[in-house]
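Asks: My structure is stored as final.cif, with mmCIF, C-alpha atoms; chains and numbers go by the auth columns.
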```
data_upload
#
loop_
_atom_site.group_PDB
_atom_site.id
_atom_site.type_symbol
_atom_site.label_atom_id
_atom_site.label_comp_id
_atom_site.label_asym_id
_atom_site.label_seq_id
_atom_site.Cartn_x
_atom_site.Cartn_y
_atom_site.Cartn_z
_atom_site.B_iso_or_equiv
_atom_site.auth_seq_id
_atom_site.auth_asym_id
ATOM 1 C CA PHE A 1 169.196 88.920 140.254 0.00 1 A
ATOM 2 C CA GLU A 2 165.829 90.352 139.343 0.00 2 A
ATOM 3 C CA LEU A 3 163.952 89.188 136.242 0.00 3 A
ATOM 4 C CA THR A 4 162.707 91.789 133.816 0.00 4 A
ATOM 5 C CA ASP A 5 158.955 92.106 133.408 0.00 5 A
ATOM 6 C CA GLU A 6 159.212 90.401 130.029 0.00 6 A
ATOM 7 C CA GLU A 7 161.144 87.501 131.589 0.00 7 A
ATOM 8 C CA LYS A 8 158.522 87.241 134.353 0.00 8 A
ATOM 9 C CA TYR A 9 155.784 86.981 131.735 0.00 9 A
ATOM 10 C CA THR A 10 157.736 84.307 129.847 0.00 10 A
ATOM 11 C CA HIS A 11 158.374 82.378 133.076 0.00 11 A
ATOM 12 C CA ALA A 12 154.673 82.526 133.991 0.00 12 A
ATOM 13 C CA LYS A 13 153.826 81.101 130.545 0.00 13 A
ATOM 14 C CA GLU A 14 156.237 78.229 131.184 0.00 14 A
ATOM 15 C CA LEU A 15 154.597 77.571 134.539 0.00 15 A
ATOM 16 C CA LYS A 16 151.189 77.568 132.876 0.00 16 A
ATOM 17 C CA ALA A 17 152.419 74.892 130.443 0.00 17 A
ATOM 18 C CA GLN A 18 153.560 72.774 133.413 0.00 18 A
ATOM 19 C CA PHE A 19 150.184 73.343 135.012 0.00 19 A
ATOM 20 C CA ALA A 20 148.372 72.212 131.859 0.00 20 A
ATOM 21 C CA PHE A 21 150.226 68.903 131.954 0.00 21 A
ATOM 22 C CA LEU A 22 149.418 68.336 135.631 0.00 22 A
ATOM 23 C CA TYR A 23 145.804 69.344 135.136 0.00 23 A
ATOM 24 C CA SER A 24 145.460 66.907 132.231 0.00 24 A
ATOM 25 C CA LYS A 25 146.657 64.192 134.640 0.00 25 A
ATOM 26 C CA LYS A 26 144.073 65.408 137.190 0.00 26 A
ATOM 27 C CA ASP A 27 146.844 66.283 139.625 0.00 27 A
ATOM 28 C CA TYR A 28 144.943 69.300 140.899 0.00 28 A
ATOM 29 C CA LYS A 29 146.953 69.760 144.102 0.00 29 A
ATOM 30 C CA LYS A 30 150.314 69.988 142.345 0.00 30 A
ATOM 31 C CA GLY A 31 148.721 71.955 139.511 0.00 31 A
ATOM 32 C CA LEU A 32 147.355 74.413 142.042 0.00 32 A
ATOM 33 C CA GLU A 33 150.856 74.974 143.461 0.00 33 A
ATOM 34 C CA ILE A 34 152.239 75.668 139.982 0.00 34 A
ATOM 35 C CA ILE A 35 149.430 77.991 138.952 0.00 35 A
ATOM 36 C CA LYS A 36 149.755 79.944 142.210 0.00 36 A
ATOM 37 C CA ASP A 37 153.451 80.403 141.413 0.00 37 A
ATOM 38 C CA ALA A 38 152.545 81.676 137.944 0.00 38 A
ATOM 39 C CA ILE A 39 150.021 84.128 139.414 0.00 39 A
ATOM 40 C CA SER A 40 152.628 85.334 141.890 0.00 40 A
ATOM 41 C CA VAL A 41 155.124 85.936 139.093 0.00 41 A
ATOM 42 C CA ILE A 42 152.599 87.970 137.063 0.00 42 A
ATOM 43 C CA GLU A 43 151.603 89.982 140.130 0.00 43 A
ATOM 44 C CA LYS A 44 155.268 91.045 140.483 0.00 44 A
ATOM 45 C CA ILE A 45 155.247 92.763 137.090 0.00 45 A
ATOM 46 C CA ASN A 46 155.338 96.540 137.436 0.00 46 A
ATOM 47 C CA LYS A 47 151.803 97.912 137.173 0.00 47 A
ATOM 48 C CA GLU A 48 152.753 100.351 134.404 0.00 48 A
ATOM 49 C CA ASN A 49 153.912 97.416 132.269 0.00 49 A
ATOM 50 C CA ILE A 50 150.660 95.441 132.559 0.00 50 A
ATOM 51 C CA THR A 51 149.289 95.274 129.029 0.00 51 A
ATOM 52 C CA PRO A 52 145.805 94.051 128.069 0.00 52 A
ATOM 53 C CA GLU A 53 147.517 90.835 126.921 0.00 53 A
ATOM 54 C CA ILE A 54 149.150 90.300 130.328 0.00 54 A
ATOM 55 C CA ASN A 55 145.898 91.169 132.091 0.00 55 A
ATOM 56 C CA LYS A 56 144.041 88.609 129.965 0.00 56 A
ATOM 57 C CA PHE A 57 146.760 86.061 130.759 0.00 57 A
ATOM 58 C CA LEU A 58 146.376 86.755 134.488 0.00 58 A
ATOM 59 C CA ILE A 59 142.633 86.153 134.192 0.00 59 A
ATOM 60 C CA SER A 60 143.371 82.821 132.473 0.00 60 A
ATOM 61 C CA LEU A 61 145.709 81.897 135.341 0.00 61 A
ATOM 62 C CA LEU A 62 143.040 82.786 137.887 0.00 62 A
ATOM 63 C CA LEU A 63 140.528 80.672 135.952 0.00 63 A
ATOM 64 C CA ASN A 64 142.986 77.762 136.152 0.00 64 A
ATOM 65 C CA GLU A 65 143.404 78.280 139.900 0.00 65 A
ATOM 66 C CA TRP A 66 139.664 78.490 140.232 0.00 66 A
ATOM 67 C CA ASN A 67 139.187 75.226 138.293 0.00 67 A
ATOM 68 C CA CYS A 68 141.604 73.477 140.647 0.00 68 A
ATOM 69 C CA PHE A 69 139.769 74.729 143.722 0.00 69 A
ATOM 70 C CA ASN A 70 136.477 73.646 142.184 0.00 70 A
ATOM 71 C CA ASN A 71 137.806 70.159 141.337 0.00 71 A
ATOM 72 C CA LEU A 72 139.241 69.840 144.847 0.00 72 A
ATOM 73 C CA LYS A 73 135.831 70.859 146.221 0.00 73 A
ATOM 74 C CA GLU A 74 137.433 73.810 148.019 0.00 74 A
ATOM 75 C CA TYR A 75 134.345 75.898 147.435 0.00 75 A
ATOM 76 C CA ASP A 76 135.316 78.811 149.706 0.00 76 A
ATOM 77 C CA ASN A 77 138.468 79.264 147.629 0.00 77 A
ATOM 78 C CA THR A 78 136.495 78.794 144.412 0.00 78 A
ATOM 79 C CA ILE A 79 134.368 81.746 145.469 0.00 79 A
ATOM 80 C CA LYS A 80 137.335 83.912 146.546 0.00 80 A
ATOM 81 C CA THR A 81 139.102 83.384 143.232 0.00 81 A
ATOM 82 C CA GLY A 82 135.842 83.877 141.347 0.00 82 A
ATOM 83 C CA LEU A 83 135.385 87.255 143.020 0.00 83 A
ATOM 84 C CA LYS A 84 138.932 88.261 141.963 0.00 84 A
ATOM 85 C CA ILE A 85 138.118 87.292 138.381 0.00 85 A
ATOM 86 C CA ILE A 86 134.876 89.262 138.454 0.00 86 A
ATOM 87 C CA GLU A 87 136.774 92.335 139.674 0.00 87 A
ATOM 88 C CA MET A 88 138.921 92.090 136.554 0.00 88 A
ATOM 89 C CA GLU A 89 136.320 90.858 134.058 0.00 89 A
ATOM 90 C CA LYS A 90 132.724 91.471 135.097 0.00 90 A
ATOM 91 C CA ASN A 91 131.022 89.370 132.431 0.00 91 A
ATOM 92 C CA THR A 92 132.767 86.007 132.703 0.00 92 A
ATOM 93 C CA LEU A 93 129.754 83.694 132.420 0.00 93 A
ATOM 94 C CA LYS A 94 131.601 80.569 133.526 0.00 94 A
ATOM 95 C CA VAL A 95 132.557 82.221 136.818 0.00 95 A
ATOM 96 C CA TYR A 96 128.962 82.992 137.738 0.00 96 A
ATOM 97 C CA TYR A 97 127.938 79.429 136.897 0.00 97 A
ATOM 98 C CA TYR A 98 130.589 77.762 139.052 0.00 98 A
ATOM 99 C CA MET A 99 130.272 80.302 141.851 0.00 99 A
ATOM 100 C CA GLY A 100 126.575 79.462 141.917 0.00 100 A
ATOM 101 C CA ASN A 101 127.529 75.788 142.209 0.00 101 A
ATOM 102 C CA ALA A 102 130.040 76.537 144.966 0.00 102 A
ATOM 103 C CA TYR A 103 127.538 78.616 146.938 0.00 103 A
ATOM 104 C CA ALA A 104 124.936 75.863 146.550 0.00 104 A
ATOM 105 C CA PHE A 105 127.372 73.222 147.857 0.00 105 A
ATOM 106 C CA LEU A 106 128.070 75.496 150.828 0.00 106 A
ATOM 107 C CA ASP A 107 124.293 75.818 151.401 0.00 107 A
ATOM 108 C CA GLU A 108 124.487 79.564 150.759 0.00 108 A
ATOM 109 C CA PHE A 109 121.385 79.567 148.616 0.00 109 A
ATOM 110 C CA ASP A 110 120.794 83.329 148.540 0.00 110 A
ATOM 111 C CA GLU A 111 124.289 83.871 147.141 0.00 111 A
ATOM 112 C CA ALA A 112 123.820 80.968 144.732 0.00 112 A
ATOM 113 C CA LYS A 113 120.630 82.599 143.496 0.00 113 A
ATOM 114 C CA LYS A 114 122.458 85.926 143.022 0.00 114 A
ATOM 115 C CA SER A 115 125.077 84.158 140.894 0.00 115 A
ATOM 116 C CA TYR A 116 122.349 82.445 138.933 0.00 116 A
ATOM 117 C CA ASP A 117 120.488 85.737 138.435 0.00 117 A
ATOM 118 C CA LYS A 118 123.658 87.459 137.193 0.00 118 A
ATOM 119 C CA LEU A 119 124.361 84.583 134.825 0.00 119 A
ATOM 120 C CA TYR A 120 120.801 84.703 133.565 0.00 120 A
ATOM 121 C CA GLU A 121 121.100 88.468 133.028 0.00 121 A
ATOM 122 C CA LEU A 122 124.306 88.085 130.993 0.00 122 A
ATOM 123 C CA ILE A 123 123.452 85.041 128.935 0.00 123 A
ATOM 124 C CA GLU A 124 121.801 85.536 125.593 0.00 124 A
ATOM 125 C CA ASN A 125 120.158 82.112 125.357 0.00 125 A
ATOM 126 C CA LYS A 126 117.808 81.968 128.338 0.00 126 A
ATOM 127 C CA GLU A 127 117.143 78.286 127.593 0.00 127 A
ATOM 128 C CA ASP A 128 120.841 77.421 127.959 0.00 128 A
ATOM 129 C CA PRO A 129 121.254 73.977 129.596 0.00 129 A
ATOM 130 C CA GLY A 130 123.933 75.329 131.964 0.00 130 A
ATOM 131 C CA VAL A 131 121.596 77.982 133.308 0.00 131 A
ATOM 132 C CA LYS A 132 118.841 75.440 133.813 0.00 132 A
ATOM 133 C CA ALA A 133 121.252 72.988 135.476 0.00 133 A
ATOM 134 C CA LEU A 134 122.445 75.602 137.957 0.00 134 A
ATOM 135 C CA ASN A 135 118.900 76.547 138.877 0.00 135 A
ATOM 136 C CA GLU A 136 118.010 72.862 139.333 0.00 136 A
ATOM 137 C CA LEU A 137 121.093 72.321 141.525 0.00 137 A
ATOM 138 C CA ILE A 138 120.229 75.278 143.748 0.00 138 A
ATOM 139 C CA ASN A 139 116.646 74.097 144.132 0.00 139 A
ATOM 140 C CA LYS A 140 117.749 70.494 144.785 0.00 140 A
ATOM 141 C CA ARG A 141 120.280 71.498 147.456 0.00 141 A
ATOM 142 C CA ARG A 142 117.774 73.837 149.128 0.00 142 A
ATOM 143 C CA LYS A 143 115.152 71.032 149.196 0.00 143 A
ATOM 144 C CA GLU A 144 117.688 68.547 150.594 0.00 144 A
ATOM 145 C CA LYS A 145 118.634 70.963 153.351 0.00 145 A
ATOM 146 C CA GLU A 146 114.991 71.648 154.217 0.00 146 A
ATOM 147 C CA ASP A 147 114.172 67.913 154.200 0.00 147 A
ATOM 148 C CA ASN A 148 117.163 67.210 156.438 0.00 148 A
ATOM 149 C CA ALA A 149 116.060 69.931 158.873 0.00 149 A
ATOM 150 C CA ARG A 150 112.531 68.438 158.961 0.00 150 A
ATOM 151 C CA ARG A 151 113.932 64.945 159.673 0.00 151 A
ATOM 152 C CA LYS A 152 116.086 66.282 162.500 0.00 152 A
ATOM 153 C CA PHE A 153 113.143 68.192 163.953 0.00 153 A
ATOM 154 C CA ARG A 154 110.888 65.112 163.796 0.00 154 A
ATOM 155 C CA ALA A 155 113.625 63.052 165.487 0.00 155 A
ATOM 156 C CA PHE A 156 113.947 65.734 168.152 0.00 156 A
ATOM 157 C CA LEU A 157 110.185 65.699 168.775 0.00 157 A
ATOM 158 C CA ALA A 158 110.133 61.898 168.898 0.00 158 A
ATOM 159 C CA HIS A 159 112.968 61.974 171.427 0.00 159 A
ATOM 160 C CA LYS A 160 111.075 64.528 173.561 0.00 160 A
ATOM 161 C CA ASP A 161 107.987 62.320 173.459 0.00 161 A
ATOM 162 C CA GLU A 162 110.099 59.396 174.700 0.00 162 A
ATOM 163 C CA ASP A 163 111.454 61.554 177.547 0.00 163 A
ATOM 164 C CA LYS A 164 107.898 62.300 178.693 0.00 164 A
ATOM 165 C CA LYS A 165 107.058 58.594 179.037 0.00 165 A
#
```
When written as structure tokens, how does the structure in this file appear?
Replies:
Amino acid sequence: FELTDEEKYTHAKELKAQFAFLYSKKDYKKGLEIIKDAISVIEKINKENITPEINKFLISLLLNEWNCFNNLKEYDNTIKTGLKIIEMEKNTLKVYYYMGNAYAFLDEFDEAKKSYDKLYELIENKEDPGVKALNELINKRRKEKEDNARRKFRAFLAHKDEDKK
């Protein structure tokens, strides 16, 4: 039998409670399975019955999914879920911060900078430690990548010099 939209919403809330327990135990893989189920249940609610409350709840579920991906270092999925959240709620500061982190870990520095710039645009306190930390992370990762490329190039040149001898 088919659940009513109200029953689906109630079931998704129950799943979120299960997720919260798993997340508190740092069982991100199992938590991710549960939160995906909860998202799926909410997405089956008839569009005309989606209230602002249900929409806000869906965003909270997506944030939970996103946190799991981030903790599992699945940065591509962190970004995909972050983009879904932004479609629904443009000014979610936390999303821009962690998407910037995810892009930086993927060495996508231009995208990381865009996330940082958007965060900086939205945040009232320009001296916020989170904003500064993201900028430092982006710069650190970019420098590490450049240094690594220089080391590889020097090793390549040294190898070529050996070949000539």
Asks: Since I can't run it myself right now, could you work out what the PyMOL selection byres ((chain A and resi 89-98) around 10) selects here and report it as JSON, numbers by chain?
Replies: {"A": [55, 56, 59, 63, 66, 67, 70, 75, 78, 79, 81, 82, 83, 84, 85, 86, 87, 88, 99, 100, 101, 102, 103, 104, 112, 114, 115, 116, 117, 118, 119, 120, 121, 122, 123, 130, 131, 133, 134, 135]}
Asks: Run the PyMOL selection byres ((chain A and resi 46) around 12) on the file and write out the hits as a PyMOL selection string.
Replies: chain A and resi 3-6+8-9+41-45+47-51+54
Asks: Dump C-alpha atoms for the selected residues as an mmCIF file, in the coordinates of the input?
Replies:
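The resulting file, out-v2.cif, is shown below:
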```cif
data_model
loop_
_atom_site.group_PDB
_atom_site.id
_atom_site.type_symbol
_atom_site.label_atom_id
_atom_site.label_comp_id
_atom_site.auth_asym_id
_atom_site.auth_seq_id
_atom_site.Cartn_x
_atom_site.Cartn_y
_atom_site.Cartn_z
ATOM 1 C CA LEU A 3 163.952 89.188 136.242
ATOM 2 C CA THR A 4 162.707 91.789 133.816
ATOM 3 C CA ASP A 5 158.955 92.106 133.408
ATOM 4 C CA GLU A 6 159.212 90.401 130.029
ATOM 5 C CA LYS A 8 158.522 87.241 134.353
ATOM 6 C CA TYR A 9 155.784 86.981 131.735
ATOM 7 C CA VAL A 41 155.124 85.936 139.093
ATOM 8 C CA ILE A 42 152.599 87.970 137.063
ATOM 9 C CA GLU A 43 151.603 89.982 140.130
ATOM 10 C CA LYS A 44 155.268 91.045 140.483
ATOM 11 C CA ILE A 45 155.247 92.763 137.090
ATOM 12 C CA LYS A 47 151.803 97.912 137.173
ATOM 13 C CA GLU A 48 152.753 100.351 134.404
ATOM 14 C CA ASN A 49 153.912 97.416 132.269
ATOM 15 C CA ILE A 50 150.660 95.441 132.559
ATOM 16 C CA THR A 51 149.289 95.274 129.029
ATOM 17 C CA ILE A 54 149.150 90.300 130.328
#
```
Asks: List the residues matched by the PyMOL selection byres ((chain A and resi 34) around 12) in the displayed structure as JSON, numbers by chain, ordered by chain and then by residue number.
Replies: {"A": [11, 12, 13, 14, 15, 16, 17, 18, 19, 20, 21, 22, 23, 27, 28, 29, 30, 31, 32, 33, 35, 36, 37, 38, 39, 40, 41, 61, 62, 64, 65, 68]}
Asks: How far is it from CA of Phe109 in chain A to CA of Glu136 in chain A, in Å with one decimal?
Replies: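 Atom-to-atom, CA of Phe109 in chain A to CA of Glu136 in chain A, that is 11.9 Å.
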Asks: Mind giving me the straight-line distance from CA of Ala149 in chain A to CA of Glu108 in chain A in Å, one decimal?
Replies: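 Interatomic distance, CA of Ala149 in chain A to CA of Glu108 in chain A: 15.2 Å.
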